[in-house]
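Pasted below: final_24.tsv, TSV, N, CA and C atoms.
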chain	number	residue	atom	x	y	z
A	131	ALA	N	2.78	180.42	199.89
A	131	ALA	CA	2.01	181.52	200.42
A	131	ALA	C	0.78	181.71	199.56
A	132	ALA	N	-0.30	182.05	200.19
A	132	ALA	CA	-1.57	182.25	199.50
A	132	ALA	C	-1.58	183.57	198.77
A	133	VAL	N	-2.18	183.60	197.60
A	133	VAL	CA	-2.31	184.82	196.79
A	133	VAL	C	-3.72	185.36	197.02
A	134	PRO	N	-3.82	186.64	197.39
A	134	PRO	CA	-5.16	187.19	197.58
A	134	PRO	C	-5.97	187.15	196.29
A	135	VAL	N	-7.26	186.90	196.37
A	135	VAL	CA	-8.13	186.80	195.21
A	135	VAL	C	-8.09	188.08	194.39
A	136	SER	N	-7.93	189.21	195.02
A	136	SER	CA	-7.91	190.49	194.29
A	136	SER	C	-6.68	190.60	193.38
A	137	ASP	N	-5.63	189.79	193.63
A	137	ASP	CA	-4.41	189.84	192.80
A	137	ASP	C	-4.46	188.86	191.61
A	138	VAL	N	-5.47	188.04	191.55
A	138	VAL	CA	-5.59	187.05	190.46
A	138	VAL	C	-6.31	187.71	189.29
A	139	PRO	N	-5.74	187.69	188.07
A	139	PRO	CA	-6.41	188.33	186.94
A	139	PRO	C	-7.70	187.59	186.60
A	140	LEU	N	-8.70	188.33	186.21
A	140	LEU	CA	-9.99	187.76	185.85
A	140	LEU	C	-10.06	187.64	184.34
A	141	VAL	N	-10.35	186.44	183.85
A	141	VAL	CA	-10.47	186.18	182.42
A	141	VAL	C	-11.90	185.76	182.16
A	142	ILE	N	-12.55	186.44	181.26
A	142	ILE	CA	-13.93	186.10	180.92
A	142	ILE	C	-13.90	185.42	179.56
A	143	ALA	N	-14.45	184.22	179.53
A	143	ALA	CA	-14.50	183.47	178.27
A	143	ALA	C	-15.66	183.97	177.44
A	144	THR	N	-15.41	184.12	176.15
A	144	THR	CA	-16.47	184.52	175.23
A	144	THR	C	-16.68	183.39	174.24
A	145	PRO	N	-17.91	183.17	173.84
A	145	PRO	CA	-18.15	182.07	172.89
A	145	PRO	C	-17.46	182.35	171.55
A	146	VAL	N	-16.98	181.30	170.94
A	146	VAL	CA	-16.29	181.40	169.66
A	146	VAL	C	-17.16	180.71	168.63
A	147	THR	N	-17.34	181.36	167.51
A	147	THR	CA	-18.09	180.75	166.42
A	147	THR	C	-17.25	179.64	165.81
A	148	PRO	N	-17.81	178.43	165.67
A	148	PRO	CA	-17.02	177.35	165.07
A	148	PRO	C	-16.60	177.71	163.65
A	149	MET	N	-15.39	177.33	163.32
A	149	MET	CA	-14.87	177.59	161.98
A	149	MET	C	-15.60	176.70	160.99
A	150	GLN	N	-16.05	177.28	159.89
A	150	GLN	CA	-16.73	176.52	158.86
A	150	GLN	C	-15.70	175.88	157.95
A	151	VAL	N	-15.80	174.59	157.76
A	151	VAL	CA	-14.88	173.86	156.90
A	151	VAL	C	-15.68	173.32	155.73
A	152	ALA	N	-15.20	173.60	154.54
A	152	ALA	CA	-15.88	173.11	153.35
A	152	ALA	C	-15.76	171.60	153.29
A	153	PRO	N	-16.83	170.90	152.93
A	153	PRO	CA	-16.74	169.44	152.85
A	153	PRO	C	-15.76	169.03	151.75
A	154	THR	N	-15.08	167.93	151.98
A	154	THR	CA	-14.15	167.40	151.00
A	154	THR	C	-14.94	166.77	149.87
A	155	PRO	N	-14.69	167.17	148.63
A	155	PRO	CA	-15.44	166.56	147.52
A	155	PRO	C	-15.03	165.10	147.35
A	156	PRO	N	-15.95	164.28	146.88
A	156	PRO	CA	-15.59	162.88	146.66
A	156	PRO	C	-14.53	162.78	145.58
A	157	PRO	N	-13.66	161.74	145.65
A	157	PRO	CA	-12.62	161.60	144.63
A	157	PRO	C	-13.25	161.42	143.25
A	158	GLN	N	-12.60	162.01	142.26
A	158	GLN	CA	-13.08	161.88	140.89
A	158	GLN	C	-12.64	160.54	140.32
A	159	THR	N	-13.56	159.83	139.74
A	159	THR	CA	-13.21	158.59	139.07
A	159	THR	C	-13.61	158.71	137.61
A	160	GLN	N	-12.83	158.13	136.79
A	160	GLN	CA	-13.09	158.16	135.36
A	160	GLN	C	-13.77	156.86	134.99
A	161	GLN	N	-14.94	156.93	134.45
A	161	GLN	CA	-15.67	155.73	134.08
A	161	GLN	C	-15.24	155.26	132.70
A	162	MET	N	-15.25	153.96	132.53
A	162	MET	CA	-14.86	153.40	131.24
A	162	MET	C	-15.85	153.82	130.17
A	163	THR	N	-15.35	154.24	129.03
A	163	THR	CA	-16.22	154.58	127.92
A	163	THR	C	-16.40	153.37	127.00
A	164	ARG	N	-15.66	152.35	127.25
A	164	ARG	CA	-15.78	151.11	126.50
A	164	ARG	C	-16.13	150.01	127.50
A	165	THR	N	-16.69	148.96	127.03
A	165	THR	CA	-17.04	147.88	127.94
A	165	THR	C	-15.80	147.03	128.22
A	166	VAL	N	-15.78	146.44	129.41
A	166	VAL	CA	-14.69	145.54	129.77
A	166	VAL	C	-14.70	144.40	128.76
A	167	ALA	N	-13.56	143.95	128.35
A	167	ALA	CA	-13.34	142.89	127.36
A	167	ALA	C	-13.36	143.42	125.93
A	168	GLU	N	-13.74	144.68	125.70
A	168	GLU	CA	-13.62	145.28	124.38
A	168	GLU	C	-12.15	145.60	124.16
A	169	THR	N	-11.67	145.50	122.94
A	169	THR	CA	-10.27	145.75	122.65
A	169	THR	C	-9.91	147.20	122.91
A	170	ALA	N	-8.79	147.40	123.62
A	170	ALA	CA	-8.31	148.76	123.91
A	170	ALA	C	-7.89	149.45	122.63
A	171	ALA	N	-8.05	150.77	122.60
A	171	ALA	CA	-7.69	151.55	121.42
A	171	ALA	C	-6.23	151.33	121.06
A	172	GLY	N	-5.97	151.00	119.80
A	172	GLY	CA	-4.61	150.84	119.32
A	172	GLY	C	-3.90	149.62	119.86
A	173	GLY	N	-4.62	148.71	120.47
A	173	GLY	CA	-3.97	147.54	121.05
A	173	GLY	C	-4.63	146.25	120.64
A	174	SER	N	-4.02	145.17	121.04
A	174	SER	CA	-4.57	143.86	120.73
A	174	SER	C	-5.20	143.21	121.96
A	175	GLN	N	-5.00	143.82	123.14
A	175	GLN	CA	-5.52	143.27	124.38
A	175	GLN	C	-6.90	143.85	124.68
A	176	PRO	N	-7.79	143.07	125.28
A	176	PRO	CA	-9.08	143.63	125.71
A	176	PRO	C	-8.85	144.53	126.93
A	177	LEU	N	-9.81	145.43	127.19
A	177	LEU	CA	-9.75	146.23	128.41
A	177	LEU	C	-10.05	145.30	129.58
A	178	TRP	N	-9.21	145.37	130.61
A	178	TRP	CA	-9.43	144.56	131.80
A	178	TRP	C	-10.01	145.43	132.89
A	179	SER	N	-10.97	144.90	133.62
A	179	SER	CA	-11.50	145.60	134.78
A	179	SER	C	-10.39	145.69	135.82
A	180	ALA	N	-10.37	146.78	136.59
A	180	ALA	CA	-9.38	146.89	137.67
A	180	ALA	C	-9.52	145.73	138.64
A	181	GLN	N	-10.73	145.18	138.76
A	181	GLN	CA	-10.94	144.04	139.66
A	181	GLN	C	-10.15	142.82	139.20
A	182	GLU	N	-9.99	142.65	137.90
A	182	GLU	CA	-9.22	141.52	137.37
A	182	GLU	C	-7.73	141.63	137.70
A	183	LEU	N	-7.28	142.80	138.10
A	183	LEU	CA	-5.86	143.02	138.40
A	183	LEU	C	-5.57	142.89	139.90
A	184	ASN	N	-6.61	142.64	140.71
A	184	ASN	CA	-6.43	142.49	142.16
A	184	ASN	C	-5.49	141.33	142.47
A	185	GLY	N	-4.75	141.46	143.56
A	185	GLY	CA	-3.86	140.40	144.00
A	185	GLY	C	-2.58	140.95	144.59
A	186	CYS	N	-1.61	140.08	144.80
A	186	CYS	CA	-0.30	140.46	145.35
A	186	CYS	C	0.67	140.65	144.19
A	187	TRP	N	1.44	141.73	144.24
A	187	TRP	CA	2.38	142.08	143.18
A	187	TRP	C	3.75	142.35	143.80
A	188	ILE	N	4.79	141.98	143.07
A	188	ILE	CA	6.15	142.38	143.44
A	188	ILE	C	6.60	143.39	142.40
A	189	ASN	N	7.17	144.48	142.87
A	189	ASN	CA	7.57	145.59	141.99
A	189	ASN	C	9.07	145.83	142.12
A	190	CYS	N	9.75	145.97	141.00
A	190	CYS	CA	11.20	146.20	141.00
A	190	CYS	C	11.50	147.55	140.35
A	191	TYR	N	12.33	148.33	141.04
A	191	TYR	CA	12.71	149.67	140.58
A	191	TYR	C	14.24	149.71	140.45
A	192	PRO	N	14.80	149.24	139.31
A	192	PRO	CA	16.26	149.16	139.19
A	192	PRO	C	16.97	150.50	139.31
A	193	ASN	N	16.36	151.58	138.87
A	193	ASN	CA	17.02	152.89	138.98
A	193	ASN	C	17.14	153.35	140.42
A	194	ASP	N	16.27	152.87	141.29
A	194	ASP	CA	16.30	153.26	142.71
A	194	ASP	C	16.89	152.16	143.60
A	195	TYR	N	17.33	151.06	143.01
A	195	TYR	CA	17.84	149.91	143.75
A	195	TYR	C	16.85	149.48	144.82
A	196	ALA	N	15.59	149.39	144.46
A	196	ALA	CA	14.55	149.08	145.44
A	196	ALA	C	13.53	148.11	144.84
A	197	CYS	N	12.73	147.56	145.72
A	197	CYS	CA	11.61	146.74	145.32
A	197	CYS	C	10.51	146.91	146.36
A	198	SER	N	9.30	146.49	146.02
A	198	SER	CA	8.21	146.56	146.97
A	198	SER	C	7.27	145.40	146.73
A	199	ILE	N	6.49	145.11	147.73
A	199	ILE	CA	5.43	144.12	147.62
A	199	ILE	C	4.14	144.87	147.89
A	200	ALA	N	3.17	144.70	147.01
A	200	ALA	CA	1.92	145.45	147.14
A	200	ALA	C	0.72	144.55	146.94
A	201	ARG	N	-0.37	144.96	147.55
A	201	ARG	CA	-1.65	144.30	147.36
A	201	ARG	C	-2.52	145.26	146.55
A	202	MET	N	-3.00	144.82	145.40
A	202	MET	CA	-3.85	145.64	144.55
A	202	MET	C	-5.30	145.33	144.84
A	203	THR	N	-6.09	146.39	145.03
A	203	THR	CA	-7.54	146.27	145.14
A	203	THR	C	-8.12	147.27	144.14
A	204	ASN	N	-9.44	147.33	144.06
A	204	ASN	CA	-10.05	148.21	143.06
A	204	ASN	C	-11.21	148.99	143.64
A	205	GLU	N	-11.54	150.09	142.95
A	205	GLU	CA	-12.77	150.85	143.14
A	205	GLU	C	-13.46	150.83	141.79
A	206	GLY	N	-14.36	149.93	141.57
A	206	GLY	CA	-15.02	149.81	140.27
A	206	GLY	C	-14.06	149.26	139.23
A	207	ASP	N	-14.39	149.53	137.96
A	207	ASP	CA	-13.58	149.01	136.84
A	207	ASP	C	-12.36	149.85	136.52
A	208	ASP	N	-12.33	151.12	136.97
A	208	ASP	CA	-11.34	152.06	136.45
A	208	ASP	C	-10.37	152.64	137.47
A	209	VAL	N	-10.46	152.23	138.72
A	209	VAL	CA	-9.55	152.75	139.74
A	209	VAL	C	-8.94	151.57	140.47
A	210	ARG	N	-7.63	151.60	140.59
A	210	ARG	CA	-6.96	150.56	141.37
A	210	ARG	C	-6.21	151.19	142.52
A	211	ILE	N	-6.16	150.48	143.63
A	211	ILE	CA	-5.49	150.96	144.84
A	211	ILE	C	-4.37	149.99	145.15
A	212	GLY	N	-3.16	150.51	145.31
A	212	GLY	CA	-2.02	149.68	145.69
A	212	GLY	C	-1.57	150.04	147.09
A	213	THR	N	-1.50	149.06	147.97
A	213	THR	CA	-0.97	149.28	149.32
A	213	THR	C	0.10	148.24	149.56
A	214	GLY	N	1.23	148.67	150.12
A	214	GLY	CA	2.32	147.72	150.32
A	214	GLY	C	3.42	148.29	151.16
A	215	VAL	N	4.60	147.71	150.97
A	215	VAL	CA	5.76	148.14	151.74
A	215	VAL	C	6.99	148.08	150.84
A	216	CYS	N	7.84	149.10	150.96
A	216	CYS	CA	9.11	149.14	150.25
A	216	CYS	C	10.05	148.17	150.96
A	217	CYS	N	10.60	147.21	150.24
A	217	CYS	CA	11.41	146.15	150.86
A	217	CYS	C	12.77	146.65	151.36
A	218	VAL	N	13.31	147.72	150.79
A	218	VAL	CA	14.62	148.20	151.21
A	218	VAL	C	14.52	148.99	152.51
A	219	LEU	N	13.58	149.92	152.56
A	219	LEU	CA	13.46	150.81	153.72
A	219	LEU	C	12.34	150.42	154.67
A	220	LEU	N	11.55	149.41	154.33
A	220	LEU	CA	10.40	148.98	155.12
A	220	LEU	C	9.43	150.12	155.38
A	221	ILE	N	9.22	150.95	154.37
A	221	ILE	CA	8.31	152.08	154.47
A	221	ILE	C	6.98	151.68	153.85
A	222	PRO	N	5.87	151.83	154.61
A	222	PRO	CA	4.57	151.53	154.02
A	222	PRO	C	4.23	152.54	152.92
A	223	CYS	N	3.50	152.10	151.93
A	223	CYS	CA	3.12	152.99	150.85
A	223	CYS	C	1.71	152.67	150.39
A	224	GLY	N	1.08	153.63	149.78
A	224	GLY	CA	-0.25	153.43	149.23
A	224	GLY	C	-0.48	154.42	148.11
A	225	GLU	N	-1.11	153.97	147.04
A	225	GLU	CA	-1.30	154.82	145.87
A	225	GLU	C	-2.64	154.52	145.22
A	226	ARG	N	-3.21	155.56	144.63
A	226	ARG	CA	-4.48	155.44	143.91
A	226	ARG	C	-4.20	155.77	142.46
A	227	TRP	N	-4.54	154.86	141.55
A	227	TRP	CA	-4.25	155.01	140.13
A	227	TRP	C	-5.56	155.02	139.35
A	228	LEU	N	-5.68	155.92	138.36
A	228	LEU	CA	-6.87	156.03	137.52
A	228	LEU	C	-6.58	155.50	136.12
A	229	ARG	N	-7.60	154.93	135.50
A	229	ARG	CA	-7.43	154.39	134.15
A	229	ARG	C	-7.23	155.53	133.15
A	230	GLU	N	-6.30	155.32	132.22
A	230	GLU	CA	-6.15	156.20	131.08
A	230	GLU	C	-7.21	155.74	130.08
A	231	GLU	N	-8.11	156.63	129.72
A	231	GLU	CA	-9.30	156.27	128.95
A	231	GLU	C	-8.99	155.40	127.74
A	232	GLY	N	-9.75	154.32	127.62
A	232	GLY	CA	-9.65	153.44	126.47
A	232	GLY	C	-8.41	152.56	126.43
A	233	THR	N	-7.67	152.47	127.56
A	233	THR	CA	-6.44	151.66	127.59
A	233	THR	C	-6.41	150.80	128.85
A	234	ASN	N	-5.43	149.94	128.94
A	234	ASN	CA	-5.15	149.20	130.16
A	234	ASN	C	-4.04	149.87	130.96
A	235	ASN	N	-3.84	151.15	130.75
A	235	ASN	CA	-2.85	151.93	131.50
A	235	ASN	C	-3.55	152.63	132.66
A	236	PHE	N	-2.87	152.69	133.80
A	236	PHE	CA	-3.39	153.40	134.97
A	236	PHE	C	-2.34	154.43	135.37
A	237	TYR	N	-2.78	155.62	135.76
A	237	TYR	CA	-1.83	156.69	136.04
A	237	TYR	C	-2.10	157.37	137.39
A	238	LYS	N	-1.05	158.00	137.90
A	238	LYS	CA	-1.10	158.90	139.05
A	238	LYS	C	-0.06	159.97	138.77
A	239	SER	N	-0.37	161.20	139.00
A	239	SER	CA	0.49	162.35	138.68
A	239	SER	C	1.21	162.11	137.36
A	240	ASP	N	2.53	161.94	137.37
A	240	ASP	CA	3.27	161.79	136.11
A	240	ASP	C	3.75	160.37	135.86
A	241	HIS	N	3.19	159.40	136.56
A	241	HIS	CA	3.58	157.99	136.36
A	241	HIS	C	2.45	157.23	135.69
A	242	VAL	N	2.80	156.34	134.76
A	242	VAL	CA	1.81	155.51	134.09
A	242	VAL	C	2.25	154.05	134.18
A	243	ASP	N	1.37	153.22	134.72
A	243	ASP	CA	1.59	151.78	134.72
A	243	ASP	C	0.91	151.21	133.49
A	244	LYS	N	1.67	150.52	132.65
A	244	LYS	CA	1.13	149.91	131.43
A	244	LYS	C	0.99	148.42	131.66
A	245	PHE	N	-0.24	147.94	131.75
A	245	PHE	CA	-0.49	146.52	131.95
A	245	PHE	C	-0.34	145.82	130.61
A	246	THR	N	0.72	145.04	130.47
A	246	THR	CA	0.94	144.30	129.23
A	246	THR	C	0.19	142.97	129.25
A	247	SER	N	-0.23	142.56	130.45
A	247	SER	CA	-1.10	141.40	130.64
A	247	SER	C	-1.74	141.57	132.01
A	248	LYS	N	-2.58	140.64	132.41
A	248	LYS	CA	-3.21	140.71	133.73
A	248	LYS	C	-2.21	140.41	134.84
A	249	THR	N	-0.99	140.00	134.48
A	249	THR	CA	0.02	139.65	135.49
A	249	THR	C	1.34	140.39	135.30
A	250	SER	N	1.37	141.42	134.44
A	250	SER	CA	2.62	142.10	134.15
A	250	SER	C	2.39	143.60	133.91
A	251	ILE	N	3.25	144.43	134.54
A	251	ILE	CA	3.18	145.89	134.40
A	251	ILE	C	4.55	146.41	133.97
A	252	GLU	N	4.54	147.38	133.05
A	252	GLU	CA	5.76	148.12	132.69
A	252	GLU	C	5.56	149.57	133.09
A	253	ASN	N	6.61	150.20	133.62
A	253	ASN	CA	6.57	151.61	133.99
A	253	ASN	C	8.01	152.12	133.88
A	254	GLY	N	8.40	152.54	132.70
A	254	GLY	CA	9.78	152.96	132.49
A	254	GLY	C	10.70	151.79	132.73
A	255	ALA	N	11.74	152.01	133.54
A	255	ALA	CA	12.67	150.92	133.85
A	255	ALA	C	12.08	149.97	134.88
A	256	ALA	N	11.03	150.40	135.58
A	256	ALA	CA	10.41	149.55	136.61
A	256	ALA	C	9.51	148.51	135.97
A	257	CYS	N	9.34	147.41	136.68
A	257	CYS	CA	8.42	146.38	136.22
A	257	CYS	C	7.78	145.72	137.43
A	258	SER	N	6.64	145.09	137.18
A	258	SER	CA	5.90	144.43	138.25
A	258	SER	C	5.34	143.13	137.73
A	259	ARG	N	5.25	142.15	138.63
A	259	ARG	CA	4.66	140.85	138.30
A	259	ARG	C	3.69	140.45	139.40
A	260	LYS	N	2.57	139.90	138.98
A	260	LYS	CA	1.58	139.41	139.93
A	260	LYS	C	2.06	138.06	140.45
A	261	ILE	N	2.09	137.90	141.78
A	261	ILE	CA	2.59	136.65	142.35
A	261	ILE	C	1.49	135.84	143.04
A	262	CYS	N	0.34	136.43	143.27
A	262	CYS	CA	-0.79	135.66	143.83
A	262	CYS	C	-2.08	136.42	143.64
Give the structure from this file in structure tokens form.
Amino acid sequence: AAVPVSDVPLVIATPVTPMQVAPTPPPQTQQMTRTVAETAAGGSQPLWSAQELNGCWINCYPNDYACSIARMTNEGDDVRIGTGVCCVLLIPCGERWLREEGTNNFYKSDHVDKFTSKTSIENGAACSRKIC
């Protein structure tokens, strides 16, 4: 059955001011205060550029009974990006790590990866090896 026009409620649209969104600040990167290849503070190894650490890595986490395969890339000398997949749960993962000033250590929140060589990382009970 047809509804008379007089029974239909009238809605008048009013313009809405667009919500102002603050721009996202660019990510903070820590620049090296020492030159690449200069010896890291308190160590015998030279500082390696994050670019030198690029490649495929296998990571083992014995406390979590897990492992992952990741591809490391870099943003300049002091930021490394890891993207990969957890082998147990097949969950994709990605992380951004910043250099700990004057060292070959890279950190995110409360985790620190300590590069003992260009092909080896220690992080508590976890360890990683570069495979390609």
Atomic distance atom CA of A:Gly224 - atom CA of A:Ala200, expressed in Å with one decimal: 8.5 Å
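The spacing separating atom C of A:Ala196 from atom C of A:Lys244 amounts to 18.2 Å.
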Nearest to A:Cys257 by atom-to-atom distance, counting only N, CA and C atoms, from A:Val218, A:Cys223, A:Met202, A:Ile188: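 Of the candidates, the smallest distance to A:Cys257 is held by A:Ile188.
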All residues 6.5 Å or closer to A:Arg259, only N, CA and C atoms, same chain fewer than 4 positions away omitted, as a list in words: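 The contact residues come out as Cys186, Trp187, Ile188, Asn189, Cys190, Thr249, Ser250 and Ile251 of chain A.
One finds atom C of A:Gly254 at 14.5 Å from atom C of A:Cys197.
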Closest of A:Leu183, A:Val209, A:Ala255, A:Ile261 to A:Arg226 - atom-to-atom distances counting only N, CA and C atoms: A:Val209
Option closest in space to A:Glu182, from A:Gly206, A:Thr233, A:Ser258, A:Lys238 [counting all atoms listed in the file]: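 The shortest atom-to-atom distance to A:Glu182 comes from A:Gly206.
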Among listed residues A:Arg229, A:Arg210, A:Lys260, A:Arg201, nearest A:Lys248 (using only N, CA and C atoms):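 Counting only N, CA and C atoms, the residue closest to A:Lys248 is A:Lys260.
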Extending 5 Å beyond the listed atoms of stretch 215-225 of chain A on each side, what axis-aligned box results? I want centre and edge lengths in Å to one decimal, as AutoDock Vina command-line options.
--center_x 6.0 --center_y 150.5 --center_z 150.3 --size_x 27.3 --size_y 18.7 --size_z 20.2
Nearest-residue call for A:Gly212, choices A:Gly232, A:Pro176, A:Gly185, A:Pro192, using only C-alpha atoms: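 Result for the nearest residue to A:Gly212: A:Gly185.
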Sel. of strand (DSSP E or B) residues, stretch 167-243 of chain A, as a ChimeraX atom specification: /A:169,176,185-191,196-205,209-216,222-229,235-238,241-243
